[in-house]
Structures are given as C-alpha cells and as structure tokens.
2 protein chains.
Amino acid sequence: MHTPWDHRYAQRTQRMHSSAIRELLKLTEQPDIISFGGGLPGPEVFPIEEFAAACDRVLHEQGALALQYSTTEGYLPLREQIARHTARYNITITPENILITSGSQQALDLLGKIFINRGDRILVESPTYMGALQAWNAYGAEYVSVPSDKHGMITDALEEALRYGPKFIYVLPNFQNPTGITLTQERRQKLVQLADRYGVPIIEDDPYGQLRYEGEHLPSIVVLDGQFRGNHNDICYRGNVIYLSTFSKILSPGLRLAWMVAPPEVIRKLVQAKQGADLHTATFNQVVAHEISKGGFLDEHIKVIRAVYKERRDAMLAAMDRYFPPEVDWTQPEGGLFLWGTMPKYLRASEVLKEAIEQKVAFVPGDSFFPNGGGHNTMRINFSYATPEKIQEGIQRLGDVLHRQVKATVKS
Amino acid sequence: MHTPWDHRYAQRTQRMHSSAIRELLKLTEQPDIISFGGGLPGPEVFPIEEFAAACDRVLHEQGALALQYSTTEGYLPLREQIARHTARYNITITPENILITSGSQQALDLLGKIFINRGDRILVESPTYMGALQAWNAYGAEYVSVPSDKHGMITDALEEALRYGPKFIYVLPNFQNPTGITLTQERRQKLVQLADRYGVPIIEDDPYGQLRYEGEHLPSIVVLDGQFRGNHNDICYRGNVIYLSTFSKILSPGLRLAWMVAPPEVIRKLVQAKQGADLHTATFNQVVAHEISKGGFLDEHIKVIRAVYKERRDAMLAAMDRYFPPEVDWTQPEGGLFLWGTMPKYLRASEVLKEAIEQKVAFVPGDSFFPNGGGHNTMRINFSYATPEKIQEGIQRLGDVLHRQVKATVKS
C-alpha cells in the first residue's frame with residue numbers, strides 16, 4: 001500500500017531495526033519448537049492463585065483507585081515498599097528516589113531520552129544487553145565497548161575507554177544478559193573507583209540479582225559506590241549510580257512493571273519524559289503487585305523460582321557436557337536465565353540457527369549483543385523457560401546440529 | 001544533591017516541562033477539593049464486578065499466557081476484536097493495521113519518534129490536546145496552528161496553513177480535548193479534500209467518539225477519507241489517516257490500553273520503535289480487556305457511561321447558567337468529558353485558579369493547550385469526574401471567584 005507516510009519517516013528510524021529476539025518470540029509460539037531463544041520465565045513459576053486473590057481484593061477494596069489514572073512517579077505504597085526492600089542492603093533512599101516504569105525497557109528508553117544527544121558515546125560491556133542498544137540507537141548513541149571475560153567486564157581495559165569521554169557507563173553486574181557472567185567483587189570496586197576518578201556516572205541494570213543458584217551474593221555497584229569514601233553501615237545513596245530492577249523475573253513479565261533508583265533531580269526529568277511517553281504505568285498492575293508482595297510473599301516465592309531454575313540450569317549444563325562437541329565452549333552462570341556459547345571462529349551462529357530451527361530448537365545468535373560488530377560465532381541460550389526434559393531434548397538436537405556443522409566445515 | 005548527571009542532560013530536555021494537568025492531578029488527591037481539572041472518568045462507572053470476574057477467568061484459564069511476555073504488536077484476539085469493531089463503520093481493516101499501545105499517550109510518542117525530525121512542522125488545531133504537544137516537543141516539533149470556532153477547526157484557514165508544508169495534520173474531531181467542540185460534517189469533508197490535494201496525511205485522535213449525549217454520530221475522518229473517491233458501502237482503508245482510540249474512557253484508564261490503526265508499513269516501523277520503548281503493552285491487561293469486552297459487554301456499558309456523563313454535563317451547564325457572570329462564555333459539548341470557558345481578556349485563568357484553589361475548586365488554565373501562545377483567559381473544565389451535587393457546589397464556588405475577579409478588575 002502506497003501512502004503519504006512513506007517518505008515522511010524521521011532520520012532516526014534508519015537506526016531502528018526489529019530485534020532478533022522479538023522476532024524469535026514469534027517462533028516460540030509454534031508449540032513443537034523447543035525455544036532457548038527468549039528470556040522468558042518458566043510459566044510453572046507464575047503464582048496464579050496469589051494473583052487471582054490479589055486482583056479480587058484490589059478490585060473490591062480499592063477498585064476506584066486501581067482502575068483510575070494515577071501519578072507519573074508511580075503508586076506511593078509500591079515505591080515505599082521498594083525503598084524498604086532497598087534498605088535491606090543498608091542503602092537509605094526515599095520514594096523521591098524511585099520511578100515506576102513500564103518494564104525496564106522503558107527505563108532504558110527514558111534514560112536515553114533525557115541524557116543522549118546524537119553522537120554521544122556510551123560505555124558498555126561487549127557483549128551487552130541488546131535492548132539497551134535498541135533503546136539508545138533511536139537517540140543517536142555511539143558506543144565505546146569494553147571486552148569481557150569469565151569474570152565480567154575487563155576493568156583493566158576500562159580506563160582507556162573512559163578517556164573517550166562517555167556520557168555514562170552501562171553495566172549488568174549479575175548473571176549478565178547475554179553471557180550469564182557475574183562481575184567479580186574486585187572488578188566492581190575497580191569500576192566504582194575509576195568511574196569516580198573520571199567523574200563518569202553509572203547505570204546499573206540488575207534484573208536477575210535475586211536469582212542466584214550458588215555462591216555468595218555480591219554487593220551491587222550502587223552499594224559499593226555508597227560505601228566508597230563513606231562509612232560501611234548506613235550507606236548513603238550518592239547519586240552516581242542509577243539502579244534498575246524489575247518485577248518481570250520475580251513475579252510476571254506480562255505486568256510490565258519495573259523501577260529505577262536515581263537522584264531526585266534526575267527522577268523529576270524522567271517524570272517529564274514519562275508524561276510524554278505514557279502518562280504513567282498501569283495503576284492496576286502497580287496496586288496488584290503491591291498487594292501480592294506486601295506480606296513478604298515474594299521472599300518465599302523467589303526461593304521457589306531459584307529451585308526451579310537451578311534444576312534447569314543444571315540440566316542444561318549436564319546436557320551440554322554430554323551432547324555438545326568439544327570445539328564449543330560455554331559459560332557456567334551462578335544465576336539468572338542465560339548462558340553463552342562460543343563456537344569455533346569458522347562457524348556462524350546464524351547458519352547454525354537455520355539448521356537448528358529445522359530441527360525444532362531455537363536460540364539467539366550472539367552478534368546482536370555486540371555494539372560495534374563481532375560475535376558471529378556466539379549464541380545466547382536461555383535455560384529458564386523449558387522444562388528439564390525439554391532442555392535435555394533440545395540440547396541434544398542442538399548438539400547434533402553443532403556436531404554436523406563442525407564436521408562439515410573441518411572436512412571442506 | 002549534586003551528582004555527575006547534572007550537566008549531562010540532552011538538549012531535548014530543554015523543551016520538556018511537567019504538564020499542568022499532571023501536577024493538578026496531585027491536587028485532586030486532596031479529598032476536600034472539587035476537581036474539574038483532570039480528564040478522569042467518574043469512578044462510579046468502573047465495572048468492578050466484570051473486572052473481577054474477568055481477572056479470575058483469565059488467570060485460571062490462560063494464566064501462563066496472560067502473565068508472560070508477548071508480542072509487540074499486541075494480543076491477536078484483541079486486535080481481531082478491534083478490527084471487527086471498526087468494521088461496524090464499514091471500514092475493512094485486518095489485525096496487521098492495528099498496534100496496541102500503552103495508552104494513547106504512547107501512540108502519540110511513537111508517532112513522534114518515527115515521523116518527527118527536529119524543526120518539522122505539525123499542523124494542529126489551536127487550542128489542541130496538550131499531551132500531543134508534550135510528546136512531540138521532545139522530538140523538536142514546531143507547530144502551524146489553525147484556529148477553531150464553535151464548529152471546530154476553521155477549514156477556511158487550513159489551506160494557507162498547508163502551504164507551510166506540515167509533516168502531518170493532527171485533529172480531534174469529536175468533543176475535542178480541551179474545548180469539547182465537534183468538527184462539523186462539512187468541515188470534515190473539507191479537511192479530507194484539502195489533505196488529499198496537498199498530499200499531507202492526518203492523525204485522527206478519537207478517545208471520546210462513543211461518548212455522545214445528544215445529536216447524531218458523525219463519520220470519522222478515517223471513514224470520510226475511505227469514502228473519498230471510493231464507493232460508499234465497503235469502505236477501504238486508504239492509509240492516509242492514522243486513527244487513534246482507547247479503552248481509557250470506555251473501560252478504565254488505569255489499564256493504560258489503547259490502539260492505533262495505520263498502514264501495515266507504518267505499523268512495522270511503530271513496532272520497532274515500541275520494542276525499544278517498552279517491548280510490549282502489559283499482556284495481562286490486554287487479555288483481561290479482551291475477556292471483558294468479548295461478549296458485547298462494552299456496548300451495554302457505554303450506555304451506562306453516557307447516561308451518567310450526560311447528567312453531569314447537564315448539571316454543569318445549568319450551574320454555569322446560574323452562577324457564572326455574564327462576562328464569561330462557555331461551549332455546549334454534545335459529548336466527551338470537557339467544556340471550555342472563555343473569560344474577558346482582562347482576566348487571567350492562572351490568577352482565577354489561585355483563588356479557586358483557596359476555595360477548594362480546580363480546573364485547568366487553557367494556555368497550555370495553545371501550541372504557539374495565547375489563551376490566558378481560557379479554562380478547561382471537566383464534567384465527568386465529580387457527581388452532579390459536587391458539580392453544582394464546585395461551579396457555585398468557581399462562579400463566586402469569577403464574579404469577584406470581574407468586579408475587582410472593572411473597579412480598578
């Protein structure tokens with residue numbers, strides 16, 4: 001259909017593309033595909049009964065409030081609850097430090113809107129979360145990337161990158177999307193020190209922090225930044241780090257409910273941007289999430305999620321040991337939803353995916369996670385969505401494809 | 001708190017301001033204020049029991065789907081339902097023409113994102129919906145404005161404005177926000193003809209179209225555009241008009257659920273923009289809205305809303321006749337949520353509001369609805385939120401303030 005809109009697109013649309021992950025989600029709708037593609041929670045862990053009870057209570061006790069327009073900042077009792085949750089880590093913040101967003105994706109978009117001018121450089125890990133790149137490309141961001149190894153962002157390479165004058169640093173320290181890798185305590189401290197020395201602020205994206213299946217919890221960047229030059233007991237929020245987290249992985253992604261911790265001045269600017277973007281996040285979802293979680297339910301529920309996902313991670317690692325060719329390497333995540341596979345350079349993940357889909361198994365080729373190119377031989381593999389039996393079956397299928405492609409290439 | 005974010009704001013933030021309406025919403029939280037400020041539905045018309053039943057059915061029958069991530073385009077059964085609803089007006093569209101958005105505010109934001117380059121001119125009515133200005137200011141829009149009278153946008157002034165080469169025309173033909181005025185059939189046709197002659201596409205924003213309390217339904221711009229040069233029975237969607245509507249006024253604004261009708265090519269671009277903005281609109285809300293409305297409930301429910309709001313509109317018009325000074329003039333809306341007051345030039349709405357708030361009554365000064373200045377003596381007054389008794393009481397208080405300010409100015 002030819003319409004007068006065709007030649008009217010804004011310049012910024014040239015850098016907008018449909019994400020490979022979103023397109024893959026469509027594949028997962030085919031019931032016979034075993035998908036390791038999306039970042040989907042296992043549906044078995046959705047607390048259906050608690051949701052139904054909370055919806056009923058909210059509608060009958062506060063229906064007029066829950067179905068009405070509300071303030072852009074977010075539902076105050078929910079922000080108070082988040083402030084109390086944050087206080088567990090001894091960081092003192094108030095609801096004025098918190099903005100409720102329509103998923104963390106909106107937090108990334110609003111941060112781009114208020115901070116990124118065309119051509120601004122953003123310092124990111126490589127690979128990094130493609131959703132952040134997608135949000136910020138629309139505002140004309142360029143990327144200075146710092147490589148990672150199995151301990152996370154290589155902080156020895158950070159100082160050189162900081163000399164490019166990035167607007168901010170973006171980092172996912174816990175069970176990173178896409179690699180599943182966790183930044184070590186030592187590197188976290190180095191990151192805080194270097195950011196302070198160069199006066200560059202940090203955005204810490206932490207969707208999976210509570211989903212640890214082994215090892216000890218490491219303090220967040222925002223906590224370490226609070227301790228830096230401060231005292232170690234009641235940690236002040238210094239405002240250098242904007243912290244993002246979400247209800248998507250501990251409650252339900254279908255609610256689109258997340259939050260951001262930032263200095264009050266930044267929150268005010270974000271509120272102005274959010275007014276223009278969607279007025280506010282759905283009131284009903286905020287009130288229901290508050291209702292479900294107010295009695296401490298989430299703490300118990302997270303234990304259930306951890307047990308389910310740990311079993312799936314273990315099933316996947318065991319199946320990979322058994323079915324993947326020795327030429328392929330992968331990470332051993334201590335938590336989160338993903339692990340990261342690296343194939344020999346002579347293989348292309350996009351080619352492997354084509355054959356994999358014929359065999360009814362899917363993953364995400366890793367190249368979309370690299371801000372400045374590369375990673376053609378890498379793959380992101382999700383272990384939270386499929387059951388252990390499906391994981392075993394899917395990894396066996398994927399292993400067969402990998403064995404064939406390795407052999408075919410070595411022969412030719 | 002001084003932080004390294006302070007000097008890092010993007011240039012576009014200079015044109016972002018907190019909306020007067022949003023700030024006013026905070027006032028309405030004081031229980032002793034009678035607020036004619038927001039555009040809030042009357043809470044009495046929220047269908048609480050139908051919501052509770054739908055939430056329960058959705059969670060128990062489709063919980064795993066409703067709480068999960070979903071596609072950016074929106075829940076297919078809901079888009080199919082909207083396509084069927086649109087077919088009532090003989091316009092044939094498919095789900096590929098529909099994008100579900102997180103409220104109409106997001107539709108405006110995404111349209112700005114994909115179409116507006118800095119400095120682009122947008123043709124708008126003056127006054128027009130301030131939420132559109134707020135969304136598009138962030139993308140650097142400039143405005144060519146066409147004045148309105150009691151029949152809506154003055155189409156005789158449209159041709160001259162079209163010569164400025166606007167990127168598109170933005171119009172709210174039914175019970176406009178802020179004025180409550182409806183564009184006449186004759187002017188609608190003139191608008192379609194002139195837009196066609198100049199090759200300029202139209203965005204038609206129609207949140208209140210179904211809330212008519214008297215008079216005959218007038219065909220939408222999108223329908224008239226489909227009839228133009230076509231046949232009058234099965235009207236094709238020509239793609240020149242992007243049509244926006246919402247569940248906010250017929251079901252609940254707290255769900256943040258709206259939709260857009262556009263050519264498939266535009267939908268694809270919007271989907272890319274929406275992926276970066278919030279991934280998708282809350283799945284749960286979409287499935288629940290579909291569940292509530294699938295059996296024809298909304299048709300019945302809209303009759304209830306019309307009856308309630310008609311009574312409130314009538315109560316307000318009667319109270320104004322009784323309590324407002326003859327120096328003040330106002331519109332007689334046939335539907336929607338608002339009417340528009342015009343005071344003598346020597347009064348300022350912002351000064352009236354100050355005194356009004358002391359008297360515990362609120363409205364929105366009209367100047368924020370003017371894209372290029374003006375309107376200091378105008379006011380937007382909402383009649384959907386307060387009960388008839390409160391309306392009578394609030395208009396009496398406001399009338400007292402107006403009488404005092406008219407007298408004081410005439411004396412001095």
# chains A, B, ... in the order shown; residues from 1 in each chain; ligands from 1

call {"tool": "interface_residues", "arguments": {"of": "chain B", "to": "chain A", "cutoff": "7 Å", "atoms": "only C-alpha atoms", "output": "VMD selection string"}}
result
chain B and resid 3 to 5 8 to 11 13 16 to 18 40 43 48 52 55 to 56 59 63 to 64 66 to 69 102 to 103 105 to 106 109 114 to 117 131 134 to 135 167 199 to 201 239 to 240 252 to 256 272 to 273 276 to 279 282 to 284

call {"tool": "residues_around", "arguments": {"residues": "Glu142 (chain B)", "least_positions_apart": "4", "cutoff": "7 Å", "atoms": "only C-alpha atoms", "output": "CSV table (one decimal) with N, CA and C atoms, in the first residue's frame"}}
result
chain,number,residue,atom,x,y,z
B,119,GLY,N,12.6,20.4,14.1
B,119,GLY,CA,12.2,21.5,13.2
B,119,GLY,C,11.0,21.2,12.3
B,120,ASP,N,10.6,19.9,12.2
B,120,ASP,CA,9.4,19.6,11.4
B,120,ASP,C,8.2,20.3,11.9
B,121,ARG,N,7.3,20.8,11.0
B,121,ARG,CA,6.1,21.5,11.4
B,121,ARG,C,5.0,20.5,11.4
B,122,ILE,N,4.2,20.6,12.5
B,122,ILE,CA,3.0,19.8,12.6
B,122,ILE,C,1.8,20.7,12.6

call {"tool": "residues_around", "arguments": {"residues": "Ser145 (chain A)", "least_positions_apart": "4", "cutoff": "7 Å", "atoms": "only C-alpha atoms", "output": "PyMOL selection string"}}
result
chain A and resi 123-126

call {"tool": "closest_residue", "arguments": {"among": "B:Leu211, B:Leu194, B:Ile91, B:Ile391", "to": "Ala307 (chain B)", "atoms": "only C-alpha atoms"}}
result
B:Leu211

call {"tool": "residues_around", "arguments": {"residues": "Leu158 (chain B)", "least_positions_apart": "2", "cutoff": "8 Å", "atoms": "only C-alpha atoms", "output": "PyMOL selection string"}}
result
chain B and resi 146+154-156+160-162+191+194

call {"tool": "select_by_dssp", "arguments": {"residues": "region 3-143 of chain B", "states": "helix (DSSP H, G or I)", "output": "MDAnalysis selection string"}}
result
chainID B and resid 11:15 20:28 43:45 48:66 76:87 95:97 103:115 130:137

call {"tool": "decode", "arguments": {"residues": "region 28-165 of chain A", "atoms": "C-alpha atoms", "output": "PDB file, in the first residue's frame"}}
result
ATOM      1  CA  THR A  28       8.292 -19.849  20.273  1.00  0.00           C
ATOM      2  CA  GLU A  29       4.552 -19.629  19.594  1.00  0.00           C
ATOM      3  CA  GLN A  30       4.891 -22.786  17.488  1.00  0.00           C
ATOM      4  CA  PRO A  31       4.251 -25.472  20.081  1.00  0.00           C
ATOM      5  CA  ASP A  32       6.681 -28.026  18.599  1.00  0.00           C
ATOM      6  CA  ILE A  33       9.745 -25.762  18.856  1.00  0.00           C
ATOM      7  CA  ILE A  34      11.930 -26.048  21.939  1.00  0.00           C
ATOM      8  CA  SER A  35      12.953 -22.440  22.397  1.00  0.00           C
ATOM      9  CA  PHE A  36      16.075 -21.342  24.239  1.00  0.00           C
ATOM     10  CA  GLY A  37      15.610 -18.017  22.461  1.00  0.00           C
ATOM     11  CA  GLY A  38      13.580 -15.604  24.586  1.00  0.00           C
ATOM     12  CA  GLY A  39      14.317 -14.525  28.129  1.00  0.00           C
ATOM     13  CA  LEU A  40      11.030 -15.955  29.307  1.00  0.00           C
ATOM     14  CA  PRO A  41      10.341 -17.072  32.855  1.00  0.00           C
ATOM     15  CA  GLY A  42       9.126 -20.634  33.173  1.00  0.00           C
ATOM     16  CA  PRO A  43       5.336 -20.382  33.241  1.00  0.00           C
ATOM     17  CA  GLU A  44       5.264 -23.003  36.018  1.00  0.00           C
ATOM     18  CA  VAL A  45       6.537 -20.413  38.496  1.00  0.00           C
ATOM     19  CA  PHE A  46       3.787 -17.844  37.924  1.00  0.00           C
ATOM     20  CA  PRO A  47       1.864 -17.518  41.209  1.00  0.00           C
ATOM     21  CA  ILE A  48      -1.581 -17.770  39.616  1.00  0.00           C
ATOM     22  CA  GLU A  49      -3.588 -18.227  42.825  1.00  0.00           C
ATOM     23  CA  GLU A  50      -1.899 -15.329  44.588  1.00  0.00           C
ATOM     24  CA  PHE A  51      -2.546 -13.160  41.528  1.00  0.00           C
ATOM     25  CA  ALA A  52      -6.215 -14.117  41.407  1.00  0.00           C
ATOM     26  CA  ALA A  53      -6.646 -13.429  45.120  1.00  0.00           C
ATOM     27  CA  ALA A  54      -4.810 -10.092  44.864  1.00  0.00           C
ATOM     28  CA  CYS A  55      -6.870  -8.942  41.847  1.00  0.00           C
ATOM     29  CA  ASP A  56     -10.050  -9.787  43.700  1.00  0.00           C
ATOM     30  CA  ARG A  57      -9.018  -7.963  46.886  1.00  0.00           C
ATOM     31  CA  VAL A  58      -7.731  -4.922  44.988  1.00  0.00           C
ATOM     32  CA  LEU A  59     -10.882  -4.583  42.886  1.00  0.00           C
ATOM     33  CA  HIS A  60     -13.254  -4.993  45.812  1.00  0.00           C
ATOM     34  CA  GLU A  61     -11.315  -2.872  48.297  1.00  0.00           C
ATOM     35  CA  GLN A  62      -9.673  -0.233  46.079  1.00  0.00           C
ATOM     36  CA  GLY A  63     -11.301  -0.639  42.669  1.00  0.00           C
ATOM     37  CA  ALA A  64     -11.930   3.063  42.097  1.00  0.00           C
ATOM     38  CA  LEU A  65      -8.255   3.802  42.734  1.00  0.00           C
ATOM     39  CA  ALA A  66      -6.823   0.824  40.839  1.00  0.00           C
ATOM     40  CA  LEU A  67      -8.787   1.477  37.626  1.00  0.00           C
ATOM     41  CA  GLN A  68      -8.219   5.251  37.616  1.00  0.00           C
ATOM     42  CA  TYR A  69      -5.440   7.449  36.232  1.00  0.00           C
ATOM     43  CA  SER A  70      -2.569   7.900  38.695  1.00  0.00           C
ATOM     44  CA  THR A  71       0.600   9.934  39.118  1.00  0.00           C
ATOM     45  CA  THR A  72       3.559   9.556  36.778  1.00  0.00           C
ATOM     46  CA  GLU A  73       6.013   8.790  39.589  1.00  0.00           C
ATOM     47  CA  GLY A  74       4.146   5.603  40.484  1.00  0.00           C
ATOM     48  CA  TYR A  75       1.887   4.263  43.223  1.00  0.00           C
ATOM     49  CA  LEU A  76       3.290   5.583  46.507  1.00  0.00           C
ATOM     50  CA  PRO A  77       2.814   2.420  48.625  1.00  0.00           C
ATOM     51  CA  LEU A  78       4.713   0.455  45.970  1.00  0.00           C
ATOM     52  CA  ARG A  79       7.540   2.985  45.950  1.00  0.00           C
ATOM     53  CA  GLU A  80       7.647   2.857  49.748  1.00  0.00           C
ATOM     54  CA  GLN A  81       7.843  -0.920  49.588  1.00  0.00           C
ATOM     55  CA  ILE A  82      10.744  -0.726  47.122  1.00  0.00           C
ATOM     56  CA  ALA A  83      12.520   1.788  49.367  1.00  0.00           C
ATOM     57  CA  ARG A  84      12.172  -0.650  52.292  1.00  0.00           C
ATOM     58  CA  HIS A  85      13.424  -3.516  50.132  1.00  0.00           C
ATOM     59  CA  THR A  86      16.456  -1.425  49.165  1.00  0.00           C
ATOM     60  CA  ALA A  87      17.081  -0.650  52.845  1.00  0.00           C
ATOM     61  CA  ARG A  88      17.901  -4.348  53.356  1.00  0.00           C
ATOM     62  CA  TYR A  89      21.209  -3.571  51.716  1.00  0.00           C
ATOM     63  CA  ASN A  90      21.616  -0.637  54.127  1.00  0.00           C
ATOM     64  CA  ILE A  91      21.067   1.932  51.403  1.00  0.00           C
ATOM     65  CA  THR A  92      18.841   4.735  52.604  1.00  0.00           C
ATOM     66  CA  ILE A  93      16.565   6.039  49.851  1.00  0.00           C
ATOM     67  CA  THR A  94      13.083   7.553  49.875  1.00  0.00           C
ATOM     68  CA  PRO A  95      10.181   7.266  47.395  1.00  0.00           C
ATOM     69  CA  GLU A  96      11.506  10.508  45.815  1.00  0.00           C
ATOM     70  CA  ASN A  97      14.422   8.391  44.531  1.00  0.00           C
ATOM     71  CA  ILE A  98      12.115   5.922  42.786  1.00  0.00           C
ATOM     72  CA  LEU A  99      10.277   5.960  39.470  1.00  0.00           C
ATOM     73  CA  ILE A 100       7.981   3.096  38.481  1.00  0.00           C
ATOM     74  CA  THR A 101       8.401   2.242  34.791  1.00  0.00           C
ATOM     75  CA  SER A 102       6.554   0.122  32.233  1.00  0.00           C
ATOM     76  CA  GLY A 103       9.231  -2.570  32.320  1.00  0.00           C
ATOM     77  CA  SER A 104      12.970  -1.938  32.465  1.00  0.00           C
ATOM     78  CA  GLN A 105      12.884  -1.385  28.711  1.00  0.00           C
ATOM     79  CA  GLN A 106      11.038   1.866  29.386  1.00  0.00           C
ATOM     80  CA  ALA A 107      13.639   2.836  31.985  1.00  0.00           C
ATOM     81  CA  LEU A 108      16.333   2.439  29.306  1.00  0.00           C
ATOM     82  CA  ASP A 109      14.260   4.443  26.809  1.00  0.00           C
ATOM     83  CA  LEU A 110      13.590   7.310  29.234  1.00  0.00           C
ATOM     84  CA  LEU A 111      17.259   7.447  30.258  1.00  0.00           C
ATOM     85  CA  GLY A 112      18.163   7.696  26.580  1.00  0.00           C
ATOM     86  CA  LYS A 113      15.592  10.425  26.102  1.00  0.00           C
ATOM     87  CA  ILE A 114      16.870  12.645  28.886  1.00  0.00           C
ATOM     88  CA  PHE A 115      20.617  12.015  28.539  1.00  0.00           C
ATOM     89  CA  ILE A 116      21.619  11.089  24.991  1.00  0.00           C
ATOM     90  CA  ASN A 117      22.347  13.659  22.299  1.00  0.00           C
ATOM     91  CA  ARG A 118      23.119  12.400  18.795  1.00  0.00           C
ATOM     92  CA  GLY A 119      26.732  11.218  18.723  1.00  0.00           C
ATOM     93  CA  ASP A 120      27.106  10.810  22.484  1.00  0.00           C
ATOM     94  CA  ARG A 121      29.296   7.883  23.474  1.00  0.00           C
ATOM     95  CA  ILE A 122      28.006   5.322  25.942  1.00  0.00           C
ATOM     96  CA  LEU A 123      30.465   2.939  27.609  1.00  0.00           C
ATOM     97  CA  VAL A 124      29.146  -0.628  27.515  1.00  0.00           C
ATOM     98  CA  GLU A 125      30.373  -4.151  28.082  1.00  0.00           C
ATOM     99  CA  SER A 126      30.836  -6.149  24.911  1.00  0.00           C
ATOM    100  CA  PRO A 127      28.629  -8.114  24.530  1.00  0.00           C
ATOM    101  CA  THR A 128      25.838  -6.220  26.305  1.00  0.00           C
ATOM    102  CA  TYR A 129      22.025  -6.268  26.550  1.00  0.00           C
ATOM    103  CA  MET A 130      20.636  -5.650  23.066  1.00  0.00           C
ATOM    104  CA  GLY A 131      17.515  -3.960  24.450  1.00  0.00           C
ATOM    105  CA  ALA A 132      19.691  -1.115  25.728  1.00  0.00           C
ATOM    106  CA  LEU A 133      21.322  -0.713  22.322  1.00  0.00           C
ATOM    107  CA  GLN A 134      17.895  -0.757  20.683  1.00  0.00           C
ATOM    108  CA  ALA A 135      16.563   1.946  23.031  1.00  0.00           C
ATOM    109  CA  TRP A 136      19.601   4.187  22.683  1.00  0.00           C
ATOM    110  CA  ASN A 137      20.186   3.807  18.942  1.00  0.00           C
ATOM    111  CA  ALA A 138      16.959   5.784  18.464  1.00  0.00           C
ATOM    112  CA  TYR A 139      18.628   8.759  20.194  1.00  0.00           C
ATOM    113  CA  GLY A 140      21.775   8.520  18.076  1.00  0.00           C
ATOM    114  CA  ALA A 141      24.092   6.916  20.650  1.00  0.00           C
ATOM    115  CA  GLU A 142      27.557   5.667  19.739  1.00  0.00           C
ATOM    116  CA  TYR A 143      29.261   3.004  21.832  1.00  0.00           C
ATOM    117  CA  VAL A 144      32.673   2.651  23.446  1.00  0.00           C
ATOM    118  CA  SER A 145      32.897  -1.012  24.307  1.00  0.00           C
ATOM    119  CA  VAL A 146      34.990  -2.776  26.915  1.00  0.00           C
ATOM    120  CA  PRO A 147      35.528  -6.521  26.387  1.00  0.00           C
ATOM    121  CA  SER A 148      34.510  -9.141  28.956  1.00  0.00           C
ATOM    122  CA  ASP A 149      35.967 -12.425  30.104  1.00  0.00           C
ATOM    123  CA  LYS A 150      34.573 -15.029  32.504  1.00  0.00           C
ATOM    124  CA  HIS A 151      34.870 -12.525  35.378  1.00  0.00           C
ATOM    125  CA  GLY A 152      32.840  -9.857  33.557  1.00  0.00           C
ATOM    126  CA  MET A 153      33.920  -6.510  32.117  1.00  0.00           C
ATOM    127  CA  ILE A 154      37.725  -6.377  31.963  1.00  0.00           C
ATOM    128  CA  THR A 155      38.333  -3.389  34.193  1.00  0.00           C
ATOM    129  CA  ASP A 156      41.980  -3.154  33.101  1.00  0.00           C
ATOM    130  CA  ALA A 157      40.614  -2.017  29.726  1.00  0.00           C
ATOM    131  CA  LEU A 158      38.157   0.399  31.339  1.00  0.00           C
ATOM    132  CA  GLU A 159      40.495   3.334  31.940  1.00  0.00           C
ATOM    133  CA  GLU A 160      41.392   3.667  28.279  1.00  0.00           C
ATOM    134  CA  ALA A 161      37.700   3.559  27.332  1.00  0.00           C
ATOM    135  CA  LEU A 162      36.896   6.262  29.915  1.00  0.00           C
ATOM    136  CA  ARG A 163      39.295   8.610  28.125  1.00  0.00           C
ATOM    137  CA  TYR A 164      36.800   8.722  25.220  1.00  0.00           C
ATOM    138  CA  GLY A 165      34.560  10.833  27.466  1.00  0.00           C
TER     139      GLY A 165
END
